[in-house]
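Participant: My structure is stored as input24.cif, with mmCIF, C-alpha atoms.
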```cif
data_start
#
loop_
_atom_site.label_atom_id
_atom_site.label_comp_id
_atom_site.auth_asym_id
_atom_site.auth_seq_id
_atom_site.Cartn_x
_atom_site.Cartn_y
_atom_site.Cartn_z
CA MET Q 636 20.95 -13.03 -20.87
CA GLY Q 637 18.45 -14.13 -18.28
CA ALA Q 638 17.48 -16.91 -15.96
CA CYS Q 639 15.39 -20.03 -15.74
CA CYS Q 640 13.24 -21.05 -12.80
CA SER Q 641 10.79 -23.91 -12.35
CA CYS Q 642 8.42 -24.41 -9.43
CA HIS Q 643 6.08 -27.27 -8.41
CA ARG Q 644 3.88 -27.32 -5.30
CA GLY Q 645 2.42 -30.74 -3.69
CA THR Q 646 10.30 -7.74 7.90
CA GLY Q 647 8.24 -4.94 8.80
CA ASN Q 648 11.02 -2.30 8.81
CA PHE Q 649 11.61 -2.78 5.09
CA GLU Q 650 15.31 -3.50 5.46
CA GLY Q 651 14.81 -6.07 2.73
CA LEU Q 652 17.44 -8.55 1.66
CA TYR Q 653 20.55 -7.83 -0.24
CA VAL Q 654 21.41 -11.31 -1.38
CA GLU Q 655 25.01 -10.53 -2.15
CA GLU Q 656 25.59 -9.38 1.42
CA GLU Q 657 23.09 -11.32 3.53
CA ALA Q 658 24.90 -13.84 5.74
CA GLU Q 659 22.17 -14.80 8.19
CA GLY Q 660 18.65 -16.05 7.57
CA ARG Q 661 19.81 -18.53 4.94
CA GLU Q 662 19.38 -22.24 4.62
CA VAL Q 663 20.88 -24.62 2.12
CA GLU Q 664 18.73 -27.17 0.33
CA ASP Q 665 20.54 -29.43 -2.15
CA GLU Q 666 23.29 -26.79 -2.45
CA ASN Q 667 20.73 -24.05 -3.19
CA ILE Q 668 20.40 -20.97 -1.01
CA ILE Q 669 16.97 -20.17 0.41
CA LEU Q 670 16.51 -16.83 2.11
CA ARG Q 671 13.96 -15.92 4.74
CA GLY Q 672 11.71 -12.94 4.25
CA ASP Q 673 8.92 -11.16 6.07
CA ALA Q 674 6.80 -13.53 8.21
CA GLY Q 675 9.16 -16.41 7.47
CA ALA Q 676 8.51 -16.60 3.72
CA ARG Q 677 10.94 -18.80 1.77
CA ILE Q 678 12.67 -16.73 -0.92
CA ARG Q 679 14.32 -18.18 -3.99
CA LEU Q 680 16.39 -16.25 -6.49
CA GLN Q 681 18.10 -19.24 -8.10
CA GLY Q 682 18.63 -22.97 -7.66
CA SER Q 683 16.11 -25.78 -7.71
CA SER Q 684 13.97 -28.04 -5.56
CA ARG Q 685 10.74 -29.95 -5.88
CA TYR Q 686 9.03 -26.59 -6.00
CA VAL Q 687 11.37 -24.22 -7.83
CA SER Q 688 14.15 -24.39 -10.40
CA MET Q 689 16.05 -21.28 -11.52
CA PHE Q 690 18.84 -20.78 -14.01
CA THR Q 691 20.61 -17.63 -15.16
CA GLN Q 692 22.97 -17.10 -18.08
CA GLN Q 693 24.98 -14.16 -19.35
CA GLY Q 694 24.04 -12.92 -22.81
CA ARG Q 695 25.76 -10.85 -25.47
CA LYS Q 696 24.51 -7.39 -24.47
CA GLY Q 697 26.69 -7.03 -21.39
CA VAL Q 698 25.36 -6.87 -17.85
CA ASN Q 699 22.25 -8.94 -17.25
CA GLN Q 700 19.77 -6.34 -16.04
CA ASP Q 701 16.91 -8.76 -15.33
CA ALA Q 702 15.97 -9.98 -11.86
CA MET Q 703 13.34 -12.34 -10.49
CA THR Q 704 12.08 -13.63 -7.18
CA VAL Q 705 9.71 -16.24 -5.80
CA TRP Q 706 8.32 -16.00 -2.27
CA GLU Q 707 6.73 -19.22 -0.99
CA SER Q 708 4.44 -18.96 2.03
CA PHE Q 709 4.10 -15.27 1.21
CA ALA Q 710 3.07 -13.12 4.18
CA GLY Q 711 3.35 -16.21 6.36
CA GLU Q 712 0.50 -18.04 4.60
CA ARG Q 713 1.42 -21.48 3.29
CA ASP Q 714 -1.02 -21.29 0.40
CA MET Q 715 0.13 -17.94 -1.00
CA PHE Q 716 2.91 -17.22 -3.51
CA PHE Q 717 4.48 -14.00 -4.75
CA CYS Q 718 6.37 -14.06 -8.05
CA GLY Q 719 7.94 -11.16 -9.89
CA VAL Q 720 10.22 -10.27 -12.77
CA PHE Q 721 12.05 -6.96 -13.13
CA ASP Q 722 13.67 -5.65 -16.31
CA GLY Q 723 16.27 -2.97 -15.58
CA HIS Q 724 17.36 -0.30 -18.04
CA GLY Q 725 19.91 2.50 -18.06
CA PRO Q 726 23.48 2.50 -16.76
CA SER Q 727 22.46 1.22 -13.29
CA GLY Q 728 19.38 -0.73 -14.34
CA HIS Q 729 20.71 -4.01 -12.99
CA GLU Q 730 21.16 -2.45 -9.54
CA VAL Q 731 17.70 -0.90 -9.59
CA ALA Q 732 16.07 -4.18 -10.65
CA ARG Q 733 17.75 -6.09 -7.81
CA TYR Q 734 16.97 -3.35 -5.31
CA VAL Q 735 13.27 -3.46 -6.12
CA ARG Q 736 13.28 -7.27 -6.27
CA ASP Q 737 14.64 -7.44 -2.72
CA LEU Q 738 12.49 -4.76 -1.07
CA LEU Q 739 9.11 -4.62 -2.82
CA PRO Q 740 7.76 -8.05 -1.74
CA ALA Q 741 8.41 -7.27 1.93
CA LYS Q 742 6.43 -4.05 1.66
CA ILE Q 743 3.45 -5.83 0.13
CA SER Q 744 3.69 -8.66 2.67
CA LEU Q 745 3.71 -6.32 5.65
CA LEU Q 746 0.72 -4.30 4.41
CA TYR Q 747 -1.21 -7.52 3.82
CA ARG Q 748 -0.44 -8.83 7.30
CA GLN Q 749 -1.37 -5.52 8.90
CA SER Q 750 -4.76 -5.54 7.19
CA SER Q 751 -5.27 -9.18 8.21
CA ILE Q 752 -4.51 -8.39 11.84
CA GLU Q 753 -6.97 -5.52 11.67
CA GLY Q 754 -9.56 -7.93 10.27
CA LYS Q 755 -9.93 -6.29 6.88
CA ASP Q 756 -9.32 -8.93 4.22
CA SER Q 757 -7.26 -11.93 5.18
CA ILE Q 758 -8.70 -13.92 2.24
CA VAL Q 759 -9.40 -12.60 -1.22
CA HIS Q 760 -12.77 -13.68 -2.64
CA ILE Q 761 -13.02 -12.21 -6.12
CA ASP Q 762 -14.77 -13.46 -9.21
CA ASN Q 763 -13.27 -11.36 -11.97
CA ASN Q 764 -12.24 -12.84 -15.30
CA ALA Q 765 -11.88 -9.58 -17.19
CA ASN Q 766 -9.08 -7.04 -17.32
CA ASP Q 767 -9.88 -3.35 -16.93
CA HIS Q 768 -6.82 -1.99 -18.72
CA ASP Q 769 -8.80 -1.66 -21.97
CA GLY Q 770 -10.99 0.96 -20.34
CA SER Q 771 -14.08 -1.25 -20.04
CA GLU Q 772 -16.09 -1.21 -16.82
CA ASN Q 773 -16.53 -4.50 -15.02
CA PRO Q 774 -18.61 -4.50 -11.82
CA GLU Q 775 -16.39 -7.25 -10.40
CA ASN Q 776 -13.54 -4.74 -10.23
CA LYS Q 777 -15.50 -2.84 -7.61
CA ASN Q 778 -15.37 -5.76 -5.22
CA PRO Q 779 -14.06 -4.21 -1.98
CA LEU Q 780 -11.66 -7.10 -1.33
CA PHE Q 781 -10.03 -6.70 -4.73
CA LEU Q 782 -9.93 -2.93 -4.24
CA SER Q 783 -8.11 -3.43 -0.95
CA TRP Q 784 -5.49 -5.53 -2.77
CA LYS Q 785 -5.27 -2.93 -5.51
CA ASN Q 786 -4.81 -0.07 -3.07
CA ARG Q 787 -2.22 -2.05 -1.13
CA LEU Q 788 -0.18 -2.79 -4.24
CA ILE Q 789 -0.36 0.80 -5.50
CA ARG Q 790 0.75 2.08 -2.12
CA SER Q 791 3.63 -0.41 -1.96
CA PHE Q 792 4.85 0.52 -5.44
CA GLN Q 793 4.75 4.23 -4.66
CA GLU Q 794 6.59 3.77 -1.37
CA MET Q 795 9.16 1.62 -3.16
CA ASP Q 796 9.81 4.39 -5.68
CA GLU Q 797 10.14 7.00 -2.93
CA GLU Q 798 12.62 4.82 -1.07
CA LEU Q 799 14.62 4.25 -4.24
CA GLU Q 800 14.82 7.99 -4.88
CA ALA Q 801 16.03 8.63 -1.33
CA ASP Q 802 18.80 6.01 -1.53
CA PHE Q 803 21.84 7.81 -2.91
CA SER Q 804 23.86 4.60 -3.06
CA ILE Q 805 22.07 3.75 -6.33
CA ASP Q 806 22.04 6.10 -9.32
CA SER Q 807 18.43 5.95 -10.43
CA TYR Q 808 18.18 9.38 -12.04
CA CYS Q 809 18.50 7.94 -15.55
CA SER Q 810 18.11 4.26 -14.66
CA GLY Q 811 15.08 2.24 -13.66
CA THR Q 812 13.19 -1.02 -13.97
CA THR Q 813 9.87 -2.38 -15.10
CA SER Q 814 7.97 -4.84 -12.93
CA VAL Q 815 5.37 -7.55 -13.38
CA THR Q 816 4.30 -9.25 -10.18
CA VAL Q 817 1.71 -11.89 -9.41
CA VAL Q 818 0.25 -12.77 -6.03
CA ARG Q 819 -1.50 -16.09 -6.02
CA LYS Q 820 -3.97 -16.77 -3.23
CA TYR Q 821 -5.77 -20.10 -3.20
CA LEU Q 822 -8.27 -21.87 -1.02
CA PHE Q 823 -9.06 -25.39 -2.31
CA ILE Q 824 -6.75 -27.84 -4.07
CA MET Q 825 -7.10 -29.00 -7.71
CA ASN Q 826 -4.56 -28.95 -10.66
CA MET Q 827 -2.41 -26.23 -12.49
CA MET Q 828 0.92 -24.87 -13.77
CA TRP Q 829 2.46 -21.40 -14.07
CA VAL Q 830 5.32 -20.21 -16.17
CA LEU Q 831 7.11 -16.87 -15.92
CA TYR Q 832 9.56 -15.82 -18.58
CA PHE Q 833 11.72 -12.75 -18.94
CA LEU Q 834 14.47 -11.57 -21.30
CA PHE Q 835 15.92 -14.91 -22.27
CA ALA Q 836 14.61 -15.91 -18.87
CA LEU Q 837 12.17 -18.52 -17.69
CA PHE Q 838 10.32 -19.15 -14.47
CA THR Q 839 7.94 -22.07 -14.11
CA CYS Q 840 5.76 -22.45 -11.06
CA ARG Q 841 3.83 -25.70 -11.31
CA HIS Q 842 1.67 -26.83 -8.46
CA LEU Q 843 -1.84 -27.90 -7.54
CA CYS Q 844 -4.49 -25.49 -8.72
CA VAL Q 845 -7.49 -24.47 -6.73
CA ARG Q 846 -11.13 -23.69 -7.08
CA GLY Q 847 -11.68 -20.04 -6.24
CA ASP Q 848 -7.98 -19.38 -6.90
CA HIS Q 849 -7.02 -15.92 -8.15
CA LEU Q 850 -4.05 -14.17 -9.67
CA ILE Q 851 -3.61 -10.56 -8.63
CA ILE Q 852 -1.36 -8.92 -11.19
CA ALA Q 853 0.47 -5.62 -10.86
CA ASN Q 854 2.03 -4.33 -14.07
CA LEU Q 855 4.47 -1.43 -14.30
CA GLY Q 856 6.04 -0.72 -17.69
CA ASP Q 857 6.23 -2.79 -20.84
CA SER Q 858 6.73 -6.30 -19.50
CA ARG Q 859 3.82 -8.69 -19.94
CA ALA Q 860 1.68 -11.38 -18.33
CA VAL Q 861 0.03 -13.99 -20.56
CA LEU Q 862 -2.15 -16.91 -19.50
CA CYS Q 863 -2.11 -20.20 -21.39
CA LYS Q 864 -5.28 -22.27 -21.20
CA THR Q 865 -6.90 -25.15 -23.04
CA ASP Q 866 -9.90 -24.72 -25.31
CA GLU Q 867 -12.76 -27.12 -26.05
CA ASN Q 868 -10.42 -29.10 -28.35
CA ASN Q 869 -7.82 -29.41 -25.60
CA GLN Q 870 -5.49 -27.10 -27.54
CA PHE Q 871 -3.41 -24.39 -25.94
CA VAL Q 872 -4.67 -20.84 -26.45
CA SER Q 873 -3.33 -17.62 -24.96
CA GLU Q 874 -5.01 -14.82 -23.07
CA GLN Q 875 -3.08 -11.63 -22.46
CA LEU Q 876 -3.49 -10.47 -18.87
CA THR Q 877 -1.66 -7.13 -19.14
CA VAL Q 878 -1.15 -4.36 -21.63
CA ASP Q 879 2.29 -2.99 -22.50
CA LEU Q 880 2.23 0.48 -20.98
CA LYS Q 881 3.92 2.24 -23.87
CA PRO Q 882 4.12 6.06 -24.18
CA ASN Q 883 1.98 6.14 -27.33
CA LEU Q 884 -1.08 4.65 -25.62
CA ARG Q 885 -3.66 7.42 -25.58
CA ALA Q 886 -4.09 7.75 -21.81
CA GLU Q 887 -0.35 7.53 -21.20
CA ALA Q 888 0.49 10.07 -23.92
CA GLU Q 889 -2.14 12.51 -22.61
CA ARG Q 890 -0.76 12.31 -19.08
CA ILE Q 891 2.81 12.85 -20.26
CA ALA Q 892 1.82 15.79 -22.48
CA SER Q 893 -0.15 17.38 -19.60
CA ARG Q 894 3.10 17.49 -17.62
CA GLN Q 895 5.18 18.94 -20.45
CA GLY Q 896 6.86 15.67 -21.33
CA ARG Q 897 7.15 14.72 -25.00
CA VAL Q 898 6.39 11.48 -26.81
CA PHE Q 899 7.77 10.75 -30.25
CA ALA Q 900 9.72 8.18 -32.23
CA THR Q 901 13.03 9.01 -33.87
CA ASN Q 902 13.80 8.62 -37.56
CA GLU Q 903 16.33 5.95 -36.67
CA ASP Q 904 13.74 3.91 -34.74
CA PRO Q 905 10.33 4.99 -36.11
CA LYS Q 906 8.32 2.16 -34.55
CA VAL Q 907 9.38 2.81 -30.96
CA TYR Q 908 7.78 5.77 -29.19
CA ARG Q 909 9.73 7.19 -26.29
CA VAL Q 910 9.39 9.72 -23.47
CA TRP Q 911 11.59 12.80 -23.66
CA MET Q 912 12.22 15.79 -21.41
CA PRO Q 913 10.54 19.08 -22.40
CA ASP Q 914 13.63 20.83 -23.74
CA GLN Q 915 16.15 18.04 -24.27
CA ASP Q 916 16.14 15.00 -26.54
CA CYS Q 917 16.86 12.66 -23.65
CA PRO Q 918 16.55 10.12 -22.14
CA GLY Q 919 14.15 8.55 -24.65
CA LEU Q 920 12.47 6.02 -22.37
CA ALA Q 921 10.42 3.41 -24.25
CA MET Q 922 7.80 2.96 -21.52
CA ALA Q 923 5.34 5.21 -19.71
CA ARG Q 924 5.68 3.75 -16.20
CA ALA Q 925 8.68 2.51 -14.26
CA PHE Q 926 10.52 2.51 -10.98
CA GLY Q 927 13.34 5.06 -10.99
CA ASP Q 928 14.11 7.27 -14.02
CA PHE Q 929 13.61 10.31 -11.81
CA CYS Q 930 14.70 12.66 -14.58
CA LEU Q 931 11.23 12.05 -16.05
CA LYS Q 932 9.06 11.83 -12.94
CA ASP Q 933 8.10 15.50 -13.21
CA TYR Q 934 7.15 15.02 -16.85
CA GLY Q 935 4.55 12.27 -16.79
CA LEU Q 936 6.44 9.07 -15.98
CA ILE Q 937 4.76 7.38 -12.98
CA SER Q 938 5.35 4.38 -10.71
CA THR Q 939 1.67 3.53 -10.28
CA PRO Q 940 1.03 -0.06 -11.41
CA GLU Q 941 -2.00 -1.25 -13.31
CA VAL Q 942 -3.59 -3.85 -11.04
CA THR Q 943 -5.95 -6.53 -12.33
CA CYS Q 944 -7.34 -9.83 -11.12
CA ARG Q 945 -7.96 -13.14 -12.88
CA LYS Q 946 -9.98 -15.98 -11.41
CA LEU Q 947 -8.44 -19.31 -12.42
CA SER Q 948 -10.30 -22.31 -13.77
CA GLU Q 949 -9.51 -25.95 -14.44
CA ASN Q 950 -8.69 -25.03 -18.06
CA ASP Q 951 -5.89 -22.66 -17.07
CA GLU Q 952 -2.44 -24.22 -17.55
CA PHE Q 953 0.29 -21.64 -16.93
CA VAL Q 954 1.10 -17.95 -16.75
CA VAL Q 955 3.95 -16.27 -18.58
CA LEU Q 956 5.54 -13.13 -17.16
CA ALA Q 957 7.90 -11.73 -19.78
CA THR Q 958 10.07 -8.72 -20.44
CA ASP Q 959 9.93 -7.16 -23.87
CA GLY Q 960 13.10 -9.03 -24.88
CA VAL Q 961 11.40 -12.42 -25.15
CA MET Q 962 11.01 -13.37 -28.80
#
```
Turn the structure described in the file into structure tokens.

Facilitator:
Amino acid sequence: MGACCSCHRGTGNFEGLYVEEEAEGREVEDENIILRGDAGARIRLQGSSRYVSMFTQQGRKGVNQDAMTVWESFAGERDMFFCGVFDGHGPSGHEVARYVRDLLPAKISLLYRQSSIEGKDSIVHIDNNANDHDGSENPENKNPLFLSWKNRLIRSFQEMDEELEADFSIDSYCSGTTSVTVVRKYLFIMNMMWVLYFLFALFTCRHLCVRGDHLIIANLGDSRAVLCKTDENNQFVSEQLTVDLKPNLRAEAERIASRQGRVFATNEDPKVYRVWMPDQDCPGLAMARAFGDFCLKDYGLISTPEVTCRKLSENDEFVVLATDGVM
């Protein structure tokens, strides 16, 4: 199951967009529906154009619990994109994934616009090629403009989780979703391609690359972002931009244990470590961070994303955002 999307480039009250119900704020372009988001952003969930092509297909496992979204002219800025993939799990995982897909980008957009109006950081100038998820210290990560993006994303994710918990129309007690999102902010035109995949799902965003262009990545759960670039022999090589936030990672396991949660693998599935409640062998969640899954939020599961930044170069070709189902 999954979807395929390809892209090429030449509101404040958080009501969000429920695509299945939204009747206004739509336009049709070559029989494809384009929604309007916060600050007039163009939102694509499927279809194709010169910029974006999306395809979804039902698989063998039942309900397709994956969701994706692309916001062009994010936060009202023509040169900014937001892309995200969401991998639902649990009985209502598909509903949770779509709920977050529809509401989270608007939260981030509004916070960005508010800070821009207040004159805080309308443009992101960061020169950071290293990830900090491996525990290493990089002075670039202390850049105040990146930190403002990081704080904004963390706040948006936490507010999203609180809103999800308060919405009784969706059963998120034992259901949730991962999330990998990328905000791309660029300043000067050059040449590049992105690709985002998820569980039997593909998103490609190809457009002109820029000098001083950056990817700001927010990772929640065990989905993944990987950058493909060319080496000195003009061969493709990969660079992993995120780490799978699994329960058996030392920092994750220590946090879960400190809150009386348990982490172990079963005899039936000895290679997959899961999060369990203190006194019950359930639910057995195979990730340490997620939206929803409120049965585990008191026992170490969190909705705080790991936020990193990657400055792009002329050798960078595309980015892959993938759920753990991609082979």

Participant: Between Q:Leu862, Q:Asn902, Q:Arg924, Q:Ala853, which one has atoms that come closest to Lys881 in chain Q, using only C-alpha atoms?

Facilitator: Q:Arg924

Participant: Check what the PyMOL selection byres ((chain Q and resi 908) around 7) selects in the file above and give those residues as a PDB file with C-alpha atoms, keeping the file's coordinate frame.

Facilitator:
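Written file, part39.pdb:
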```pdb
ATOM      1  CA  PRO Q 882       4.120   6.060 -24.180  1.00  0.00           C
ATOM      2  CA  ASN Q 883       1.980   6.140 -27.330  1.00  0.00           C
ATOM      3  CA  VAL Q 898       6.390  11.480 -26.810  1.00  0.00           C
ATOM      4  CA  PHE Q 899       7.770  10.750 -30.250  1.00  0.00           C
ATOM      5  CA  ALA Q 900       9.720   8.180 -32.230  1.00  0.00           C
ATOM      6  CA  LYS Q 906       8.320   2.160 -34.550  1.00  0.00           C
ATOM      7  CA  VAL Q 907       9.380   2.810 -30.960  1.00  0.00           C
ATOM      8  CA  ARG Q 909       9.730   7.190 -26.290  1.00  0.00           C
ATOM      9  CA  ALA Q 921      10.420   3.410 -24.250  1.00  0.00           C
TER      10      ALA Q 921
END
```

Participant: Could you name the residues that touch Ile937 in chain Q at 8 Å or less, counting all atoms listed in the file, but leaving out those on the same chain fewer than 5 positions away, as a list in words?

Facilitator: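 With the cut-off at 8 Å, the set is Ala923, Arg924, Ala925, Phe926 and Lys932 of chain Q.
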
Participant: Report the distance between CA of Ile678 in chain Q and CA of Ser783 in chain Q in Å, rounded to one decimal place.

Facilitator: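 Between CA of Ile678 in chain Q and CA of Ser783 in chain Q the gap works out to 24.7 Å.
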
Participant: Kindly indicate which residue among Q:Asp802, Q:Asp866, Q:Glu730, Q:Asp848 lies nearest to Lys946 in chain Q, using all atoms listed in the file for the distances.

Facilitator: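 Using all atoms listed in the file, the shortest distance to Lys946 in chain Q belongs to Q:Asp848.
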
Participant: At what distance in Å, to one decimal, does CA of Thr812 in chain Q lie from CA of Asp916 in chain Q?

Facilitator: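 Those two atoms sit 20.6 Å apart.
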
Participant: If you measure from CA of Ile852 in chain Q to CA of Asn699 in chain Q, what distance in Å do you get, rounded to one decimal?

Facilitator: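 Straight-line distance from CA of Ile852 in chain Q to CA of Asn699 in chain Q works out to 24.4 Å.
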
Participant: I need the residue nearest Ile891 in chain Q from this list: Q:Tyr808, Q:Trp706, Q:Trp911, Q:Phe792. Use all atoms listed in the file for the distance.

Facilitator: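 When distances to Ile891 in chain Q are compared using all atoms listed in the file, the smallest one comes from Q:Trp911.
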
Participant: Show me, as a VMD selection string, the residues that have an atom within 9 Å of Glu941 in chain Q when counting all atoms listed in the file, minus same-chain residues fewer than 5 positions from it.

Facilitator: chain Q and resid 767 to 768 785 789 852 to 855 877 to 878 880

Participant: Expand the PyMOL selection byres ((chain Q and resi 719) around 9) into the individual residues it matches in the shown file, reporting them as a list in words.

Facilitator: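 Applying the PyMOL selection byres ((chain Q and resi 719) around 9) to the structure shown produces Ala702, Met703, Thr704, Val705, Phe717, Cys718, Val720, Phe721, Arg736, Pro740, Ser814, Val815, Thr816, Val817, Val818, Leu831 and Leu956 of chain Q.
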
Participant: Would you mind exporting the chosen residues as a JSON list (two decimals), in the coordinates of the input, restricted to C-alpha atoms?

Facilitator:
```json
[["chain", "number", "residue", "atom", "x", "y", "z"],
["Q", 702, "ALA", "CA", 15.97, -9.98, -11.86],
["Q", 703, "MET", "CA", 13.34, -12.34, -10.49],
["Q", 704, "THR", "CA", 12.08, -13.63, -7.18],
["Q", 705, "VAL", "CA", 9.71, -16.24, -5.80],
["Q", 717, "PHE", "CA", 4.48, -14.00, -4.75],
["Q", 718, "CYS", "CA", 6.37, -14.06, -8.05],
["Q", 720, "VAL", "CA", 10.22, -10.27, -12.77],
["Q", 721, "PHE", "CA", 12.05, -6.96, -13.13],
["Q", 736, "ARG", "CA", 13.28, -7.27, -6.27],
["Q", 740, "PRO", "CA", 7.76, -8.05, -1.74],
["Q", 814, "SER", "CA", 7.97, -4.84, -12.93],
["Q", 815, "VAL", "CA", 5.37, -7.55, -13.38],
["Q", 816, "THR", "CA", 4.30, -9.25, -10.18],
["Q", 817, "VAL", "CA", 1.71, -11.89, -9.41],
["Q", 818, "VAL", "CA", 0.25, -12.77, -6.03],
["Q", 831, "LEU", "CA", 7.11, -16.87, -15.92],
["Q", 956, "LEU", "CA", 5.54, -13.13, -17.16]]
```

Participant: Which residues fall under the PyMOL selection byres ((chain Q and resi 863) around 10) in this file, as a list of chain:residue names?

Facilitator: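 With the shown file as input, the PyMOL selection byres ((chain Q and resi 863) around 10) matches Q:Met828, Q:Trp829, Q:Val830, Q:Val861, Q:Leu862, Q:Lys864, Q:Thr865, Q:Asp866, Q:Gln870, Q:Phe871, Q:Val872, Q:Ser873, Q:Glu874, Q:Gln875, Q:Asn950, Q:Asp951, Q:Glu952, Q:Phe953, Q:Val954, Q:Val955.
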